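Asker: Here you go, work-v9.txt (compact mmCIF, C-alpha atoms):
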```
# COMPACT_ATOMS: atom_id res chain seq x y z
CA MET A 29 55.59 -119.42 211.44
CA ASP A 30 53.02 -122.11 210.87
CA ARG A 31 54.49 -124.40 208.24
CA ARG A 32 51.05 -125.75 207.31
CA ILE A 33 50.33 -122.49 205.50
CA PHE A 34 52.78 -123.61 202.83
CA MET A 35 51.99 -127.32 202.77
CA SER A 36 49.37 -128.91 200.59
CA LYS A 37 48.14 -132.35 199.69
CA THR A 38 49.94 -132.14 196.36
CA GLN A 39 53.20 -131.16 197.98
CA LYS A 40 53.08 -134.17 200.28
CA GLN A 41 52.58 -136.53 197.36
CA LYS A 42 55.62 -137.89 195.57
CA THR A 43 55.62 -136.25 192.18
CA PRO A 44 57.98 -137.45 189.48
CA LYS A 45 60.81 -135.03 188.99
CA MET A 46 61.28 -133.84 185.46
CA GLN A 47 64.83 -134.55 184.37
CA ARG A 48 66.41 -131.17 183.79
CA GLN A 49 69.58 -132.19 181.98
CA ALA A 50 70.71 -134.82 179.53
CA SER A 51 74.31 -135.98 179.21
CA SER A 52 74.37 -136.06 175.40
CA LEU A 53 72.43 -135.10 172.29
CA LYS A 54 71.34 -138.71 171.83
CA HIS A 55 70.12 -138.90 175.44
CA ALA A 56 68.26 -135.57 175.04
CA ALA A 57 66.70 -136.71 171.77
CA GLY A 58 65.31 -139.80 173.50
CA LEU A 59 63.95 -137.83 176.44
CA LEU A 60 62.42 -135.09 174.29
CA GLY A 61 61.16 -137.44 171.59
CA VAL A 62 62.89 -135.65 168.73
CA PRO A 63 65.54 -136.78 166.23
CA VAL A 64 69.19 -136.05 167.08
CA GLU A 65 69.40 -134.13 163.80
CA GLU A 66 66.74 -131.68 165.04
CA LEU A 67 68.82 -131.03 168.15
CA LYS A 68 71.97 -130.52 166.07
CA LEU A 69 70.09 -128.07 163.87
CA ALA A 70 68.76 -126.22 166.93
CA LYS A 71 72.25 -126.01 168.40
CA GLY A 72 73.57 -124.66 165.09
CA GLN A 73 70.81 -122.05 165.01
CA GLY A 74 71.88 -120.70 168.41
CA CYS A 75 69.43 -122.46 170.71
CA PRO A 76 70.47 -121.86 174.32
CA GLY A 77 70.66 -124.88 176.56
CA PHE A 78 73.68 -126.64 175.07
CA ASP A 79 77.04 -126.49 176.84
CA SER A 80 80.52 -127.16 175.50
CA HIS A 81 80.38 -130.76 176.75
CA ASN A 82 77.17 -131.53 174.80
CA ARG A 83 75.09 -131.58 177.98
CA VAL A 84 71.57 -130.39 177.25
CA ASP A 85 69.33 -128.26 179.48
CA LEU A 86 66.05 -130.03 178.65
CA PRO A 87 63.51 -127.34 179.69
CA GLU A 88 65.45 -124.63 177.83
CA VAL A 89 65.84 -126.68 174.65
CA SER A 90 62.25 -127.91 174.83
CA ARG A 91 60.93 -124.33 175.01
CA TRP A 92 63.14 -123.30 172.10
CA LEU A 93 62.06 -126.26 169.97
CA LEU A 94 58.38 -125.58 170.68
CA HIS A 95 58.79 -121.94 169.75
CA ALA A 96 60.74 -122.80 166.57
CA ARG A 97 58.16 -125.42 165.54
CA ARG A 98 55.35 -122.95 166.14
CA GLU A 99 57.10 -120.30 164.04
CA ARG A 100 57.69 -122.75 161.18
CA GLU A 101 54.03 -123.76 161.22
CA ARG A 102 52.89 -120.13 161.39
CA LEU A 103 55.09 -118.99 158.51
CA ARG A 104 54.38 -121.94 156.24
CA ALA A 105 51.49 -121.23 153.94
CA PRO A 106 49.03 -124.13 154.02
CA ASP A 107 48.71 -126.00 150.75
CA SER A 108 45.12 -126.98 151.40
CA PRO A 109 42.35 -126.71 153.99
CA ALA A 110 43.54 -130.08 155.35
CA GLU A 111 47.07 -128.70 155.82
CA TYR A 112 45.68 -125.61 157.54
CA PHE A 113 43.63 -127.85 159.86
CA ARG A 114 46.75 -129.89 160.62
CA ALA A 115 48.76 -126.74 161.36
CA LEU A 116 46.09 -125.49 163.77
CA VAL A 117 46.03 -128.81 165.63
CA VAL A 118 49.84 -128.83 165.90
CA ARG A 119 49.70 -125.25 167.18
CA GLN A 120 47.21 -126.30 169.87
CA ILE A 121 49.40 -129.23 170.90
CA THR A 122 52.55 -127.11 171.15
CA SER A 123 50.66 -124.46 173.14
CA ALA A 124 49.28 -127.09 175.52
CA VAL A 125 52.76 -128.53 176.05
CA ALA A 126 54.10 -125.03 176.73
CA ILE A 127 51.39 -124.57 179.39
CA GLU A 128 52.36 -127.86 181.02
CA VAL A 129 56.06 -126.91 180.97
CA ALA A 130 55.23 -123.56 182.57
CA CYS A 131 53.25 -125.40 185.25
CA ARG A 132 56.25 -127.59 186.01
CA GLU A 133 58.46 -124.51 186.26
CA LEU A 134 55.98 -122.95 188.69
CA TRP A 135 55.98 -126.17 190.74
CA ASP A 136 59.78 -126.15 190.90
CA ALA A 137 59.82 -122.52 192.04
CA ARG A 138 57.15 -123.23 194.65
CA ARG A 139 59.01 -126.28 195.96
CA GLU A 140 62.25 -124.29 196.22
CA LEU A 141 60.44 -121.48 198.07
CA VAL A 142 58.91 -123.88 200.59
CA GLN A 143 62.26 -125.60 201.10
CA PHE A 144 63.97 -122.23 201.59
CA LEU A 145 61.36 -121.13 204.13
CA GLU A 146 61.75 -124.38 206.04
CA GLU A 147 65.54 -123.94 206.13
CA GLN A 148 65.18 -120.37 207.35
CA GLU A 149 62.70 -121.47 210.00
CA GLU A 150 65.14 -124.12 211.26
CA LYS A 151 67.85 -121.45 211.52
CA ARG A 152 65.36 -119.13 213.19
CA ARG A 153 66.01 -116.50 210.52
CA LEU A 154 62.50 -115.97 209.14
CA GLY A 155 62.55 -112.43 210.51
CA ASP A 156 65.42 -111.58 208.14
CA LEU A 157 63.19 -112.29 205.14
CA ARG A 158 60.84 -109.35 205.69
CA MET A 159 57.92 -111.67 205.07
CA PRO A 160 54.59 -110.19 204.02
CA SER A 161 51.83 -110.10 206.59
CA ARG A 162 49.66 -113.17 207.15
CA PRO A 163 46.71 -111.58 205.25
CA ALA A 164 49.00 -111.04 202.25
CA LEU A 165 50.23 -114.65 202.44
CA LYS A 166 46.67 -115.89 202.03
CA HIS A 167 46.87 -114.71 198.41
CA LEU A 168 49.96 -116.84 197.87
CA VAL A 169 48.20 -119.84 199.36
CA GLU A 170 45.19 -119.16 197.13
CA ALA A 171 47.48 -118.95 194.09
CA TRP A 172 49.05 -122.30 194.97
CA GLU A 173 45.64 -123.92 195.34
CA LEU A 174 44.65 -122.59 191.92
CA TYR A 175 47.94 -123.84 190.51
CA GLU A 176 47.17 -127.37 191.70
CA LYS A 177 43.90 -127.30 189.77
CA LEU A 178 45.54 -125.71 186.73
CA TYR A 179 48.34 -128.27 186.59
CA ARG A 180 45.92 -131.19 186.67
CA LEU A 181 43.93 -129.54 183.88
CA ALA A 182 47.09 -128.85 181.87
CA GLN A 183 48.08 -132.51 182.08
CA HIS A 184 44.61 -133.59 180.94
CA LEU A 185 44.69 -131.03 178.13
CA VAL A 186 48.00 -132.35 176.79
CA LEU A 187 46.87 -135.97 177.06
CA ALA A 188 43.55 -135.28 175.34
CA LEU A 189 45.25 -133.48 172.44
CA TYR A 190 47.86 -136.22 172.10
CA GLU A 191 45.16 -138.89 172.11
CA PHE A 192 43.25 -136.95 169.44
CA ASP A 193 46.42 -136.66 167.39
CA LYS A 194 47.25 -140.34 167.84
CA ASP A 195 43.75 -141.47 166.82
CA ALA A 196 43.34 -138.99 163.97
CA ALA A 197 47.02 -139.07 162.85
CA VAL A 198 46.86 -135.33 162.25
CA SER A 199 50.43 -134.22 162.95
CA GLY A 200 52.15 -137.33 161.67
CA ALA A 201 54.40 -137.29 164.74
CA LEU A 202 52.38 -139.87 166.64
CA THR A 203 51.44 -143.17 165.09
CA ARG A 204 49.10 -145.87 166.29
CA SER A 205 50.78 -148.79 168.03
```
Please express the file's structure as structure tokens.
Answerer:
Amino acid sequence: MDRRIFMSKTQKQKTPKMQRQASSLKHAAGLLGVPVEELKLAKGQGCPGFDSHNRVDLPEVSRWLLHARRERERLRAPDSPAEYFRALVVRQITSAVAIEVACRELWDARRELVQFLEEQEEKRRLGDLRMPSRPALKHLVEAWELYEKLYRLAQHLVLALYEFDKDAAVSGALTRS
């Protein structure tokens, strides 16, 4: 099988790997940018992603925290139009971050698939995979090309919203340096 079908410019570039696990609550708090107390509260509320040795699965905990924050914002009645505006901005930020996290998950799955196919090709076992026909694979290639565009846009979206929040001090989480 022609390996170039699965390769892309983005794949050949060195992309920073997102750290998937932290060795402690304090380490996770630093990586996620949240207080240790928030992680302790999440753990106490049944958030998955914590093991018995206090190691933290960062993507799992991050998703849970985003969802919990969104729910708190949704359920809290705004005190004023300004509070409602703030809540909507925070909701946009958390949604944008969730999109970026999903993009990273897709990238990880894609990378693992390509690596698996390369291993199978080296073992001459591609036939065992019951691969779809070449015309069907073109849809996968098209999806990956679209993903590359989407991921770049997702990164820009998150950065733009964070910059807005930093300049406007809407959420209170980001302060000007």
Asker: Produce a table with one row for each residue of segment 126-168 of chain A that has an atom at most 10 Å from any atom of segment 86-100 of chain A, each row naming the nearest atom pair and its distance in Å at one decimal; use all atoms listed in the file; arrange rows by chain and rising residue number; format as JSON lines.
Answerer:
```
{"residue": "A:Ala126", "atom": "CA", "partner": "A:Arg91", "partner_atom": "CA", "distance": 7.1}
{"residue": "A:Val129", "atom": "CA", "partner": "A:Pro87", "partner_atom": "CA", "distance": 7.6}
{"residue": "A:Ala130", "atom": "CA", "partner": "A:Arg91", "partner_atom": "CA", "distance": 9.5}
{"residue": "A:Arg132", "atom": "CA", "partner": "A:Pro87", "partner_atom": "CA", "distance": 9.6}
{"residue": "A:Glu133", "atom": "CA", "partner": "A:Pro87", "partner_atom": "CA", "distance": 8.8}
```
Asker: Distance atom CA of Cys131 of chain A-atom CA of Ala70 of chain A, one decimal place?
Answerer: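 Between atom CA of Cys131 of chain A and atom CA of Ala70 of chain A the gap works out to 24.0 Å.
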Asker: Between A:Val118, A:Val64, A:Ala124, A:Leu53, which is the closest to Ser80 of chain A once you count only C-alpha atoms?
Answerer: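 With only C-alpha atoms as the atom set, the closest residue is A:Leu53.
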Asker: I'd like the neighbourhood of Val117 of chain A as a ChimeraX atom specification, where a residue qualifies if any of its atoms comes within 9 Å (using all atoms listed in the file), though same-chain residues fewer than 3 positions away should be ignored.
Answerer: /A:112-114,120-122,189,193,198-199
Asker: Could you check how far atom CA of Gln183 of chain A sits from atom CA of Val125 of chain A, in Å to one decimal?
Answerer: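 The value is 8.6 Å.
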Asker: Out of A:Leu69, A:Asp85, A:Trp135, A:Phe78, which residue has the shortest atom-to-atom distance to Glu176 of chain A when counting only C-alpha atoms?
Answerer: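 Looking only at the distances to Glu176 of chain A, the closest residue turns out to be A:Trp135.
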Asker: Figure out the distance between atom CA of Lys54 of chain A and atom CA of Pro76 of chain A, please, to one decimal in Å.
Answerer: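 Value for the atom CA of Pro76 of chain A-atom CA of Lys54 of chain A distance: 17.1 Å.
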Asker: Up to 9 Å from (75.6, -136.2, 174.6) in the file's coordinates: name the residues, counting all atoms listed in the file, as a VMD selection string.
Answerer: chain A and resid 50 to 56 81 to 84
Asker: Can I get the selection written as an mmCIF file, in the coordinates of the input, with C-alpha atoms?
Answerer:
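part-v3.cif was written with the following content:
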```cif
data_model
loop_
_atom_site.group_PDB
_atom_site.id
_atom_site.type_symbol
_atom_site.label_atom_id
_atom_site.label_comp_id
_atom_site.auth_asym_id
_atom_site.auth_seq_id
_atom_site.Cartn_x
_atom_site.Cartn_y
_atom_site.Cartn_z
ATOM 1 C CA ALA A 50 70.710 -134.820 179.530
ATOM 2 C CA SER A 51 74.310 -135.980 179.210
ATOM 3 C CA SER A 52 74.370 -136.060 175.400
ATOM 4 C CA LEU A 53 72.430 -135.100 172.290
ATOM 5 C CA LYS A 54 71.340 -138.710 171.830
ATOM 6 C CA HIS A 55 70.120 -138.900 175.440
ATOM 7 C CA ALA A 56 68.260 -135.570 175.040
ATOM 8 C CA HIS A 81 80.380 -130.760 176.750
ATOM 9 C CA ASN A 82 77.170 -131.530 174.800
ATOM 10 C CA ARG A 83 75.090 -131.580 177.980
ATOM 11 C CA VAL A 84 71.570 -130.390 177.250
#
```
Asker: Quick one: what's the axis-aligned box for segment 88-93 of chain A, all listed atoms, 6 Å on every side, centre and edges in Å to one decimal, as JSON?
Answerer:
```
{"center_x": 63.4, "center_y": -125.6, "center_z": 173.9, "size_x": 16.9, "size_y": 16.6, "size_z": 19.9}
```
Asker: Which neighbours of segment 157-159 of chain A fall inside 12 Å, counting only C-alpha atoms, when residues of the same chain fewer than 2 positions from it are skipped, and could you give them as a list in words?
Answerer: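 The residues satisfying every condition are Met29, Leu141, Phe144, Leu145, Glu147, Gln148, Glu149, Arg152, Arg153, Leu154, Gly155, Ser161, Arg162, Pro163, Ala164, Leu165 and Leu168 of chain A.
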Asker: Considering only C-alpha atoms, can you say which of A:Glu111, A:Glu128, A:Glu65, A:Glu150 comes closest to Ala182 of chain A?
Answerer: A:Glu128
